[in-house]
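K.L.:
So I've got this file, work_1.tsv, and it contains TSV, C-alpha atoms:
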chain	number	residue	atom	x	y	z
A	250	MET	CA	139.72	173.80	55.36
A	251	GLY	CA	141.51	171.31	57.67
A	252	SER	CA	139.73	170.57	60.92
A	253	ALA	CA	142.81	171.50	62.95
A	254	MET	CA	142.61	175.04	61.52
A	255	VAL	CA	138.89	175.58	61.98
A	256	THR	CA	137.71	177.49	65.03
A	257	MET	CA	134.27	178.01	66.52
A	258	SER	CA	134.43	181.58	65.23
A	259	ASP	CA	134.93	180.25	61.70
A	260	VAL	CA	131.81	178.12	62.03
A	261	ALA	CA	129.87	181.08	63.42
A	262	ARG	CA	130.84	183.28	60.44
A	263	LEU	CA	129.94	180.52	57.98
A	264	ALA	CA	126.53	179.97	59.62
A	265	GLY	CA	125.86	183.67	60.19
A	266	VAL	CA	125.35	183.24	63.94
A	267	SER	CA	127.18	184.07	67.16
A	268	THR	CA	129.92	181.85	68.62
A	269	MET	CA	127.63	181.35	71.63
A	270	THR	CA	125.00	179.83	69.35
A	271	VAL	CA	127.59	177.51	67.82
A	272	SER	CA	128.70	176.53	71.33
A	273	ASN	CA	125.11	175.79	72.34
A	274	VAL	CA	124.62	173.56	69.29
A	275	VAL	CA	127.86	171.56	69.50
A	276	ASN	CA	127.34	171.04	73.24
A	277	GLY	CA	123.83	169.72	72.67
A	278	ARG	CA	121.95	172.45	74.51
A	279	ARG	CA	118.26	172.69	73.65
A	280	SER	CA	118.01	176.49	73.56
A	281	VAL	CA	118.55	176.82	69.77
A	282	ASN	CA	115.63	176.54	67.35
A	283	LEU	CA	115.64	173.83	64.70
A	284	ASP	CA	116.37	176.01	61.63
A	285	ILE	CA	119.39	177.67	63.23
A	286	ARG	CA	120.57	174.33	64.62
A	287	ARG	CA	120.49	172.84	61.10
A	288	ARG	CA	122.40	175.83	59.73
A	289	VAL	CA	125.10	175.48	62.35
A	290	LEU	CA	125.41	171.72	61.82
A	291	GLU	CA	125.70	172.27	58.06
A	292	ALA	CA	128.49	174.79	58.70
A	293	VAL	CA	130.21	172.31	61.02
A	294	GLU	CA	130.01	169.62	58.34
A	295	GLU	CA	131.19	171.95	55.56
A	296	SER	CA	134.12	173.34	57.54
A	297	GLY	CA	135.21	170.06	59.11
A	298	TYR	CA	135.14	171.64	62.58
A	299	VAL	CA	135.93	169.29	65.47
A	300	MET	CA	135.41	170.55	69.01
A	301	ASN	CA	138.63	170.48	71.01
A	302	ARG	CA	137.53	168.83	74.24
A	303	SER	CA	140.99	169.21	75.75
A	304	ALA	CA	140.93	172.96	75.14
A	305	ARG	CA	137.48	173.17	76.71
A	306	THR	CA	138.69	171.24	79.73
A	307	LEU	CA	141.69	173.55	80.17
A	308	ARG	CA	139.48	176.62	79.80
A	309	THR	CA	136.51	175.62	81.95
A	310	GLY	CA	137.79	172.67	83.99
A	311	THR	CA	134.89	170.56	82.67
A	312	THR	CA	134.16	168.31	79.69
A	313	GLY	CA	130.36	168.65	79.69
A	314	VAL	CA	130.03	164.87	80.02
A	315	ILE	CA	128.83	162.91	83.04
A	316	GLY	CA	128.76	159.14	83.44
A	317	LEU	CA	125.83	156.93	84.40
A	318	ALA	CA	126.52	153.35	85.46
A	319	VAL	CA	123.59	150.95	85.86
A	320	PRO	CA	123.44	147.16	86.39
A	321	ALA	CA	121.61	146.23	83.16
A	322	LEU	CA	120.11	148.31	80.37
A	323	SER	CA	117.92	145.34	79.38
A	324	HIS	CA	116.06	145.67	82.71
A	325	ALA	CA	112.99	147.89	82.21
A	326	TYR	CA	113.61	149.93	85.36
A	327	PHE	CA	117.21	150.78	84.48
A	328	GLY	CA	116.33	151.49	80.86
A	329	GLU	CA	113.69	153.99	81.98
A	330	LEU	CA	116.05	155.44	84.58
A	331	SER	CA	118.75	156.00	81.93
A	332	GLY	CA	116.27	157.78	79.69
A	333	ARG	CA	115.27	160.10	82.52
A	334	VAL	CA	118.89	160.91	83.40
A	335	VAL	CA	119.80	161.64	79.76
A	336	ALA	CA	116.77	163.92	79.31
A	337	GLN	CA	117.20	165.89	82.54
A	338	ALA	CA	120.98	166.18	82.14
A	339	ALA	CA	120.50	167.64	78.64
A	340	GLU	CA	118.41	170.43	80.14
A	341	LEU	CA	121.42	171.26	82.32
A	342	GLY	CA	123.81	171.23	79.36
A	343	TYR	CA	125.39	167.81	80.00
A	344	ARG	CA	125.79	164.78	77.76
A	345	VAL	CA	125.59	161.36	79.44
A	346	ALA	CA	127.81	158.34	78.82
A	347	VAL	CA	125.96	155.19	79.92
A	348	GLU	CA	127.54	151.87	80.85
A	349	GLN	CA	126.29	148.71	82.54
A	350	THR	CA	128.00	147.00	85.45
A	351	GLY	CA	126.12	143.72	85.84
A	352	LEU	CA	125.92	142.53	89.43
A	353	HIS	CA	129.62	142.62	90.23
A	354	ILE	CA	131.38	144.68	92.89
A	355	GLU	CA	134.48	144.87	90.70
A	356	ASP	CA	132.53	146.41	87.80
A	357	GLU	CA	130.84	148.97	90.05
A	358	LEU	CA	134.22	150.02	91.44
A	359	ASP	CA	135.68	150.05	87.92
A	360	ALA	CA	132.93	152.44	86.81
A	361	VAL	CA	134.29	154.98	89.30
A	362	ALA	CA	137.89	154.46	88.17
A	363	MET	CA	137.03	154.66	84.46
A	364	SER	CA	135.05	157.86	84.98
A	365	ARG	CA	138.24	159.47	86.23
A	366	ASN	CA	140.28	158.09	83.34
A	367	LEU	CA	137.73	159.24	80.77
A	368	GLU	CA	137.64	162.69	82.40
A	369	TYR	CA	133.90	162.75	83.05
A	370	ASP	CA	132.80	165.73	85.10
A	371	GLY	CA	131.03	163.37	87.50
A	372	LEU	CA	129.33	159.99	87.86
A	373	ILE	CA	125.89	158.75	88.90
A	374	LEU	CA	126.26	155.12	89.98
A	375	SER	CA	123.24	152.88	90.51
A	376	ALA	CA	124.97	150.48	92.88
A	377	LEU	CA	123.39	147.18	93.81
A	378	VAL	CA	126.23	145.19	95.33
A	379	LEU	CA	128.56	147.70	96.94
A	380	GLY	CA	128.47	147.41	100.72
A	381	PRO	CA	129.78	149.36	103.71
A	382	GLU	CA	133.21	147.76	103.37
A	383	GLU	CA	133.63	149.26	99.87
A	384	ALA	CA	132.52	152.78	100.83
A	385	SER	CA	136.06	153.78	101.77
A	386	LEU	CA	137.22	152.93	98.23
A	387	LEU	CA	134.92	155.55	96.71
A	388	ASN	CA	137.27	158.49	97.14
A	389	GLN	CA	136.22	161.92	96.03
A	390	SER	CA	138.65	162.43	93.15
A	391	ILE	CA	135.54	162.61	90.96
A	392	PRO	CA	132.12	164.01	91.93
A	393	LEU	CA	129.95	160.97	92.64
A	394	VAL	CA	126.33	160.30	93.55
A	395	LEU	CA	124.99	156.83	94.37
A	396	LEU	CA	121.46	156.34	93.12
A	397	GLY	CA	118.88	153.93	94.45
A	398	GLU	CA	120.98	152.28	97.11
A	399	LYS	CA	122.40	153.21	100.49
A	400	ILE	CA	126.07	152.84	101.35
A	401	TYR	CA	126.44	153.16	105.10
A	402	GLY	CA	128.54	156.04	106.24
A	403	ASP	CA	128.97	159.50	104.78
A	404	ALA	CA	131.63	158.87	102.14
A	405	VAL	CA	129.44	159.96	99.21
A	406	ASP	CA	126.12	161.56	98.37
A	407	HIS	CA	123.29	159.13	97.75
A	408	VAL	CA	119.66	159.32	96.70
A	409	VAL	CA	117.95	156.35	98.28
A	410	MET	CA	114.98	154.24	97.23
A	411	PRO	CA	112.32	153.89	99.95
A	412	ASN	CA	113.07	150.16	100.00
A	413	ALA	CA	111.94	149.07	103.45
A	414	GLU	CA	109.11	151.60	103.69
A	415	GLY	CA	107.78	150.70	100.26
A	416	ALA	CA	107.86	146.94	100.81
A	417	LYS	CA	106.12	147.39	104.16
A	418	ALA	CA	103.37	149.42	102.44
A	419	ALA	CA	103.03	146.74	99.76
A	420	THR	CA	102.62	144.02	102.39
A	421	ALA	CA	100.14	146.10	104.38
A	422	HIS	CA	98.09	146.60	101.20
A	423	LEU	CA	97.77	142.84	100.69
A	424	VAL	CA	96.73	142.43	104.32
A	425	GLU	CA	94.07	145.11	103.82
A	426	GLN	CA	92.86	143.17	100.79
A	427	GLY	CA	92.29	140.14	103.03
A	428	CYS	CA	95.49	138.16	102.40
A	429	GLN	CA	96.76	136.04	105.29
A	430	ARG	CA	99.37	133.81	103.61
A	431	ILE	CA	101.64	136.28	101.82
A	432	ALA	CA	104.62	134.94	99.88
A	433	TRP	CA	107.88	136.81	99.27
A	434	ALA	CA	109.36	136.65	95.75
A	435	SER	CA	113.05	137.54	95.49
A	436	ASN	CA	116.44	135.88	95.16
A	437	TYR	CA	117.38	136.56	98.78
A	438	SER	CA	119.57	134.00	100.51
A	439	PRO	CA	120.92	134.59	104.05
A	440	GLU	CA	124.14	132.80	103.10
A	441	THR	CA	124.90	134.69	99.90
A	442	GLU	CA	123.10	137.99	100.34
A	443	LEU	CA	124.95	140.87	98.69
A	444	HIS	CA	122.07	142.93	97.32
A	445	ASN	CA	121.31	145.60	99.91
A	446	VAL	CA	118.16	146.59	98.03
A	447	VAL	CA	116.78	143.05	98.36
A	448	LEU	CA	117.64	142.84	102.04
A	449	ASP	CA	116.01	146.21	102.77
A	450	ARG	CA	112.83	145.22	100.93
A	451	LEU	CA	112.76	141.90	102.76
A	452	LYS	CA	112.95	143.80	106.05
A	453	GLY	CA	109.99	145.91	104.93
A	454	TYR	CA	108.00	142.77	104.02
A	455	ARG	CA	108.74	141.28	107.44
A	456	GLN	CA	107.74	144.50	109.21
A	457	GLY	CA	104.48	144.62	107.26
A	458	LEU	CA	103.71	141.06	108.37
A	459	ALA	CA	104.63	141.81	111.99
A	460	ASP	CA	102.42	144.92	112.04
A	461	ALA	CA	99.50	142.68	111.01
A	462	GLY	CA	100.32	140.01	113.60
A	463	LEU	CA	101.61	137.61	110.94
A	464	THR	CA	104.92	135.72	110.94
A	465	ASP	CA	107.52	135.33	108.21
A	466	ASP	CA	107.15	131.71	107.09
A	467	PRO	CA	110.29	130.53	105.21
A	468	SER	CA	108.14	128.10	103.20
A	469	LEU	CA	106.49	131.14	101.61
A	470	HIS	CA	109.78	132.43	100.16
A	471	VAL	CA	109.66	131.77	96.42
A	472	PRO	CA	112.76	129.74	95.44
A	473	MET	CA	114.70	131.64	92.75
A	474	ASP	CA	118.36	132.18	91.94
A	475	GLN	CA	118.01	135.42	89.98
A	476	PRO	CA	115.50	138.33	90.21
A	477	SER	CA	114.21	137.65	86.69
A	478	MET	CA	110.81	136.93	85.16
A	479	GLU	CA	111.89	133.41	84.17
A	480	HIS	CA	113.19	132.48	87.62
A	481	ALA	CA	110.13	134.02	89.29
A	482	ALA	CA	107.73	132.06	87.07
A	483	ASP	CA	109.56	128.80	87.74
A	484	GLY	CA	109.80	129.51	91.48
A	485	ILE	CA	106.14	130.31	92.00
A	486	LYS	CA	105.13	127.17	90.03
A	487	LYS	CA	107.34	125.11	92.35
A	488	LEU	CA	105.56	126.62	95.36
A	489	VAL	CA	102.19	125.62	93.88
A	490	HIS	CA	103.48	122.17	92.89
A	491	ASP	CA	104.76	121.59	96.44
A	492	GLY	CA	101.28	122.25	97.81
A	493	ILE	CA	102.20	125.47	99.66
A	494	GLU	CA	99.07	127.53	100.19
A	495	PHE	CA	99.26	131.31	99.74
A	496	ASP	CA	96.86	134.08	98.75
A	497	GLY	CA	99.21	136.99	98.13
A	498	VAL	CA	102.70	137.69	96.76
A	499	VAL	CA	105.00	140.66	97.39
A	500	ALA	CA	107.55	140.76	94.57
A	501	VAL	CA	110.91	142.49	95.02
A	502	THR	CA	110.55	144.21	91.62
A	503	ASP	CA	107.92	144.63	88.93
A	504	ALA	CA	109.91	142.31	86.65
A	505	VAL	CA	109.70	139.58	89.29
A	506	ALA	CA	105.97	140.29	89.70
A	507	PHE	CA	105.40	139.80	85.96
A	508	GLY	CA	107.12	136.44	86.19
A	509	VAL	CA	105.02	135.48	89.22
A	510	ILE	CA	101.79	136.33	87.38
A	511	ARG	CA	102.88	134.25	84.37
A	512	GLY	CA	103.80	131.32	86.61
A	513	LEU	CA	100.49	131.47	88.46
A	514	LYS	CA	98.63	131.48	85.14
A	515	ASP	CA	100.61	128.43	83.99
A	516	ALA	CA	99.74	126.71	87.29
A	517	GLY	CA	96.03	127.34	86.79
A	518	LEU	CA	95.63	130.11	89.38
A	519	ARG	CA	93.94	133.46	88.72
A	520	VAL	CA	95.23	136.91	89.64
A	521	PRO	CA	93.73	138.56	91.64
A	522	GLU	CA	90.85	136.12	92.34
A	523	ASP	CA	93.05	133.32	93.75
A	524	VAL	CA	96.29	135.18	94.47
A	525	LYS	CA	96.93	138.91	94.70
A	526	VAL	CA	100.31	140.17	93.46
A	527	ILE	CA	102.10	143.48	94.03
A	528	GLY	CA	105.45	144.67	92.63
A	529	PHE	CA	107.94	147.46	93.25
A	530	ASP	CA	109.28	150.17	90.86
A	531	ASP	CA	106.23	151.11	88.71
A	532	VAL	CA	107.88	150.51	85.35
A	533	GLN	CA	105.83	151.61	82.34
A	534	GLN	CA	104.73	148.06	81.55
A	535	ALA	CA	102.99	147.79	84.94
A	536	ALA	CA	100.06	149.92	83.78
A	537	PHE	CA	99.62	147.92	80.55
A	538	SER	CA	100.11	144.30	81.60
A	539	VAL	CA	97.11	141.98	81.92
A	540	PRO	CA	96.16	142.20	84.68
A	541	SER	CA	97.68	145.63	85.29
A	542	LEU	CA	100.14	145.49	88.16
A	543	SER	CA	99.73	147.06	91.57
A	544	THR	CA	103.09	148.39	92.67
A	545	ILE	CA	105.14	150.72	94.83
A	546	ALA	CA	106.03	153.79	92.77
A	547	PRO	CA	109.06	155.75	93.96
A	548	ASP	CA	109.14	159.27	92.50
A	549	HIS	CA	111.66	158.51	89.74
A	550	ASP	CA	111.79	162.05	88.34
A	551	TRP	CA	112.45	163.38	91.86
A	552	MET	CA	115.28	160.88	92.28
A	553	VAL	CA	116.93	161.84	88.99
A	554	ARG	CA	116.46	165.56	89.62
A	555	SER	CA	117.92	165.25	93.12
A	556	SER	CA	120.86	163.16	91.89
A	557	LEU	CA	121.75	165.67	89.19
A	558	SER	CA	121.39	168.53	91.66
A	559	LEU	CA	123.79	166.89	94.12
A	560	LEU	CA	126.21	166.01	91.32
A	561	THR	CA	126.31	169.45	89.73
A	562	GLU	CA	126.89	170.99	93.16
A	563	ARG	CA	129.92	168.70	93.57
A	564	ILE	CA	131.14	169.56	90.06
A	565	LYS	CA	130.97	173.30	90.76
A	566	ASP	CA	132.41	173.07	94.27
A	567	ARG	CA	135.07	170.40	94.78
A	568	SER	CA	135.79	171.31	98.40
A	569	PRO	CA	135.52	168.25	100.72
A	570	ARG	CA	132.31	167.87	102.71
A	571	PRO	CA	130.35	164.95	104.17
A	572	GLY	CA	128.01	162.99	101.94
A	573	ARG	CA	124.30	163.67	102.02
A	574	GLU	CA	121.39	161.21	101.89
A	575	LEU	CA	118.02	161.96	100.32
A	576	VAL	CA	115.17	159.42	100.52
A	577	ALA	CA	112.70	159.40	97.64
A	578	PRO	CA	108.97	159.77	98.30
A	579	PHE	CA	106.72	157.00	97.00
A	580	ARG	CA	103.10	156.13	96.25
A	581	LEU	CA	101.14	152.89	96.44
A	582	ILE	CA	99.55	152.36	93.01
A	583	VAL	CA	96.56	150.00	93.20
A	584	ARG	CA	95.70	148.25	89.94
A	585	GLU	CA	93.98	145.04	88.83
A	586	SER	CA	96.47	142.53	90.26
A	587	THR	CA	95.29	143.21	93.84
A	588	SER	CA	91.77	144.55	93.47
If you convert what's in this file into structure tokens, what do you get?
P.N.:
Amino acid sequence: MGSAMVTMSDVARLAGVSTMTVSNVVNGRRSVNLDIRRRVLEAVEESGYVMNRSARTLRTGTTGVIGLAVPALSHAYFGELSGRVVAQAAELGYRVAVEQTGLHIEDELDAVAMSRNLEYDGLILSALVLGPEEASLLNQSIPLVLLGEKIYGDAVDHVVMPNAEGAKAATAHLVEQGCQRIAWASNYSPETELHNVVLDRLKGYRQGLADAGLTDDPSLHVPMDQPSMEHAADGIKKLVHDGIEFDGVVAVTDAVAFGVIRGLKDAGLRVPEDVKVIGFDDVQQAAFSVPSLSTIAPDHDWMVRSSLSLLTERIKDRSPRPGRELVAPFRLIVRESTS
């Protein structure tokens, strides 16, 4: 039987199930038990059935596919984020197409354009480098939610990380643990700053110092070009080599914190006895590293759930309306690296 001739009804008759069951299986919905799912898939294979996405789009106005664009899948946080989005979207009947944008404004803007060209129902974009000046370019020809970062203005919906609040809480925790010379580990540079997330977390670090009557000493900023483990390890070793005294480190991400801990070990310093270290993100590795990492833990499941809720609302109702901003709750997780 040629695939062009085969209909969903043909597959249903072959498998001995309803067309609704076939639809649930081919669209990846989880509501069908394993035995029936296997029977349907065998019937699909035997008949050569191919779902006509164009026909579905004409009939329902949707493709059942949403896009997710993240900076780097190799980064633990974004890998875990992608897994959460895929899992929660499947429960809503959506498949997810994932792409990575690097740290380039052009690629983040391209992700929006390509989502329209590929006829995704909507896009979740984890934007790191888009700024207020690009917000006007994010027109609403496709439902869009920005995740993790704030674009000033009300052009689009966004679910925001508690960047400043979390970094302030991290700094306050080190102060409470007795730290007085607290270093800041990130790739921030006033001349080249594009990463809003880094700038917001730096502001939180500075506010945490100010609340404790401490000042932001530029000599305590770890020199690093990229927010990576390698650059963090090299940067913290340079600080030690230069004779800069410090007893605590606030790292912009958990990945940076892991690099800091490695660099301190290489320099002959102990964590937490000599230097206390805290990260941000609460990636899975944080609980299993040695020492385990204290960190700021945004509610990741809440963020994904809220993003998908905003997106599906936009998909179902395309009428223009101002963007909404939701700020994720967070917890301070105290582990071995600060206690």
K.L.:
Is it possible to get the residues within 12 Å of (132.5, 181.0, 63.5) (coordinates as in the file, counting all atoms listed in the file) written as a PDB file with C-alpha atoms, in the frame of the given file?
P.N.:
ATOM      1  CA  MET A 254     142.610 175.040  61.520  1.00  0.00           C
ATOM      2  CA  VAL A 255     138.890 175.580  61.980  1.00  0.00           C
ATOM      3  CA  THR A 256     137.710 177.490  65.030  1.00  0.00           C
ATOM      4  CA  MET A 257     134.270 178.010  66.520  1.00  0.00           C
ATOM      5  CA  SER A 258     134.430 181.580  65.230  1.00  0.00           C
ATOM      6  CA  ASP A 259     134.930 180.250  61.700  1.00  0.00           C
ATOM      7  CA  VAL A 260     131.810 178.120  62.030  1.00  0.00           C
ATOM      8  CA  ALA A 261     129.870 181.080  63.420  1.00  0.00           C
ATOM      9  CA  ARG A 262     130.840 183.280  60.440  1.00  0.00           C
ATOM     10  CA  LEU A 263     129.940 180.520  57.980  1.00  0.00           C
ATOM     11  CA  ALA A 264     126.530 179.970  59.620  1.00  0.00           C
ATOM     12  CA  GLY A 265     125.860 183.670  60.190  1.00  0.00           C
ATOM     13  CA  VAL A 266     125.350 183.240  63.940  1.00  0.00           C
ATOM     14  CA  SER A 267     127.180 184.070  67.160  1.00  0.00           C
ATOM     15  CA  THR A 268     129.920 181.850  68.620  1.00  0.00           C
ATOM     16  CA  MET A 269     127.630 181.350  71.630  1.00  0.00           C
ATOM     17  CA  THR A 270     125.000 179.830  69.350  1.00  0.00           C
ATOM     18  CA  VAL A 271     127.590 177.510  67.820  1.00  0.00           C
ATOM     19  CA  SER A 272     128.700 176.530  71.330  1.00  0.00           C
ATOM     20  CA  ARG A 288     122.400 175.830  59.730  1.00  0.00           C
ATOM     21  CA  VAL A 289     125.100 175.480  62.350  1.00  0.00           C
ATOM     22  CA  LEU A 290     125.410 171.720  61.820  1.00  0.00           C
ATOM     23  CA  ALA A 292     128.490 174.790  58.700  1.00  0.00           C
ATOM     24  CA  VAL A 293     130.210 172.310  61.020  1.00  0.00           C
ATOM     25  CA  SER A 296     134.120 173.340  57.540  1.00  0.00           C
ATOM     26  CA  TYR A 298     135.140 171.640  62.580  1.00  0.00           C
TER      27      TYR A 298
END
K.L.:
Produce a table with one row for each residue of range 440-487 of chain A that has an atom at most 10 Å from any atom of range 515-539 of chain A, each row naming the nearest atom pair and its distance in Å at one decimal; use all atoms listed in the file; arrange rows by chain and rising residue number; format as a Markdown table.
P.N.:
| residue | atom | partner | partner_atom | distance |
| --- | --- | --- | --- | --- |
| A:Arg450 | CA | A:Phe529 | CA | 9.4 |
| A:Ala482 | CA | A:Asp515 | CA | 8.6 |
| A:Asp483 | CA | A:Asp515 | CA | 9.7 |
| A:Ile485 | CA | A:Ala516 | CA | 8.7 |
| A:Lys486 | CA | A:Ala516 | CA | 6.1 |
| A:Lys487 | CA | A:Ala516 | CA | 9.3 |
K.L.:
Selection from above, C-alpha atoms, as a compact mmCIF listing (two decimals), in the coordinates of the input, can you write it?
P.N.:
# COMPACT_ATOMS: atom_id res chain seq x y z
CA ARG A 450 112.83 145.22 100.93
CA ALA A 482 107.73 132.06 87.07
CA ASP A 483 109.56 128.80 87.74
CA ILE A 485 106.14 130.31 92.00
CA LYS A 486 105.13 127.17 90.03
CA LYS A 487 107.34 125.11 92.35
K.L.:
Excluding Asp359 in chain A and residues on its chain fewer than 5 positions from it, collect all residues at most 9 Å away from it, counting only C-alpha atoms, and give them as a list of chain:residue names.
P.N.:
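Everything that qualifies: A:Thr350, A:Ile354, A:Ser364.
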K.L.:
Please determine the residues with any atom at most 9 Å from (95.3, 150.1, 88.4) (coordinates as given in the file, with all atoms listed in the file counting) and report them as JSON, numbers by chain.
P.N.:
{"A": [535, 536, 540, 541, 542, 543, 582, 583, 584, 585, 586, 587, 588]}
K.L.:
List the neighbours of Glu348 in chain A out to 12 Å using only C-alpha atoms; skip same-chain residues closer than 3 positions along the sequence, and give me the result as a short mmCIF file (atom, residue, chain, number, x, y, z; two decimals) with C-alpha atoms, in the frame of the given file.
P.N.:
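Resulting contents of result-v1.cif:
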data_model
loop_
_atom_site.label_atom_id
_atom_site.label_comp_id
_atom_site.auth_asym_id
_atom_site.auth_seq_id
_atom_site.Cartn_x
_atom_site.Cartn_y
_atom_site.Cartn_z
CA ILE A 315 128.83 162.91 83.04
CA GLY A 316 128.76 159.14 83.44
CA LEU A 317 125.83 156.93 84.40
CA ALA A 318 126.52 153.35 85.46
CA VAL A 319 123.59 150.95 85.86
CA PRO A 320 123.44 147.16 86.39
CA ALA A 321 121.61 146.23 83.16
CA LEU A 322 120.11 148.31 80.37
CA SER A 323 117.92 145.34 79.38
CA PHE A 327 117.21 150.78 84.48
CA GLY A 328 116.33 151.49 80.86
CA SER A 331 118.75 156.00 81.93
CA VAL A 345 125.59 161.36 79.44
CA GLY A 351 126.12 143.72 85.84
CA ASP A 356 132.53 146.41 87.80
CA GLU A 357 130.84 148.97 90.05
CA ASP A 359 135.68 150.05 87.92
CA ALA A 360 132.93 152.44 86.81
CA VAL A 361 134.29 154.98 89.30
CA MET A 363 137.03 154.66 84.46
CA SER A 364 135.05 157.86 84.98
CA LEU A 372 129.33 159.99 87.86
CA ILE A 373 125.89 158.75 88.90
CA LEU A 374 126.26 155.12 89.98
CA SER A 375 123.24 152.88 90.51
#
K.L.:
So, with all atoms listed in the file as the atoms that count, which of A:Leu358, A:Ala404, A:Leu393, A:Ala338 lies closest to Arg567 in chain A?
P.N.:
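Result for the nearest residue to Arg567 in chain A: A:Leu393.
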K.L.:
Pick the closest to Tyr369 in chain A from A:Leu488, A:Val347, A:Val408, A:Val314: which is it, counting only C-alpha atoms?
P.N.:
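Comparing A:Leu488, A:Val347, A:Val408, A:Val314 against Tyr369 in chain A, the winner is A:Val314.
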K.L.:
Here is a test: counting only C-alpha atoms, which residue of A:Asn412, A:Asn436, A:Thr312, A:Ser558 is nearest to Met473 in chain A?
P.N.:
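Smallest separation from Met473 in chain A among the options: A:Asn436.
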K.L.:
Just how far from CA of Glu329 in chain A is CA of Gly457 in chain A, in Å to one decimal?
P.N.:
28.5 Å
K.L.:
How far is it from CA of Glu414 in chain A to CA of Ala461 in chain A, in Å with one decimal?
P.N.:
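Result for CA of Glu414 in chain A versus CA of Ala461 in chain A: 15.0 Å, one decimal.
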K.L.:
Mind giving me the straight-line distance from CA of Asp406 in chain A to CA of Ile391 in chain A in Å, one decimal?
P.N.:
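The value is 12.0 Å.
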K.L.:
Measuring between all atoms listed in the file, which one of A:Ala336, A:Ile285, A:Ala376, A:Met552 shows the shortest distance to Gln349 in chain A?
P.N.:
A:Ala376
K.L.:
Could you give me, as number ranges by chain, the residues within 9 Å of Gln429 in chain A, counting only C-alpha atoms and dropping anything in the same chain fewer than 5 positions from it?
P.N.:
A: 423-424, 463, 495-497
K.L.:
Which one is closest to Asp548 in chain A: A:Arg573, A:Arg344, A:Arg333, A:His407? Count all atoms listed in the file.
P.N.:
A:Arg333
K.L.:
Reconstruct N, CA, C and O atoms of range 459-470 of chain A; output as a CSV table (one decimal), keeping the file's coordinate frame.
P.N.:
chain,number,residue,atom,x,y,z
A,459,ALA,N,104.6,141.7,110.5
A,459,ALA,CA,104.6,141.8,112.0
A,459,ALA,C,103.6,142.8,112.4
A,459,ALA,O,102.9,142.6,113.4
A,460,ASP,N,103.4,143.9,111.7
A,460,ASP,CA,102.4,144.9,112.0
A,460,ASP,C,101.0,144.3,112.0
A,460,ASP,O,100.1,144.8,112.7
A,461,ALA,N,100.8,143.3,111.1
A,461,ALA,CA,99.5,142.7,111.0
A,461,ALA,C,99.4,141.4,111.9
A,461,ALA,O,98.3,140.7,111.8
A,462,GLY,N,100.4,141.2,112.7
A,462,GLY,CA,100.3,140.0,113.6
A,462,GLY,C,100.6,138.7,112.9
A,462,GLY,O,100.3,137.6,113.4
A,463,LEU,N,101.3,138.8,111.7
A,463,LEU,CA,101.6,137.6,110.9
A,463,LEU,C,103.1,137.3,111.1
A,463,LEU,O,103.9,138.2,111.4
A,464,THR,N,103.5,136.1,110.8
A,464,THR,CA,104.9,135.7,110.9
A,464,THR,C,105.5,135.4,109.6
A,464,THR,O,104.8,135.1,108.6
A,465,ASP,N,106.8,135.6,109.5
A,465,ASP,CA,107.5,135.3,108.2
A,465,ASP,C,107.8,133.8,108.1
A,465,ASP,O,108.6,133.3,108.8
A,466,ASP,N,107.0,133.2,107.3
A,466,ASP,CA,107.2,131.7,107.1
A,466,ASP,C,108.1,131.4,106.0
A,466,ASP,O,107.9,131.7,104.8
A,467,PRO,N,109.3,130.8,106.3
A,467,PRO,CA,110.3,130.5,105.2
A,467,PRO,C,109.7,129.7,104.0
A,467,PRO,O,110.2,129.8,102.9
A,468,SER,N,108.7,128.9,104.3
A,468,SER,CA,108.1,128.1,103.2
A,468,SER,C,107.4,129.0,102.2
A,468,SER,O,107.1,128.5,101.1
A,469,LEU,N,107.2,130.2,102.5
A,469,LEU,CA,106.5,131.1,101.6
A,469,LEU,C,107.5,132.0,100.8
A,469,LEU,O,107.1,132.9,100.1
A,470,HIS,N,108.8,131.7,101.0
A,470,HIS,CA,109.8,132.4,100.2
A,470,HIS,C,109.9,131.7,98.8
A,470,HIS,O,110.3,130.5,98.8
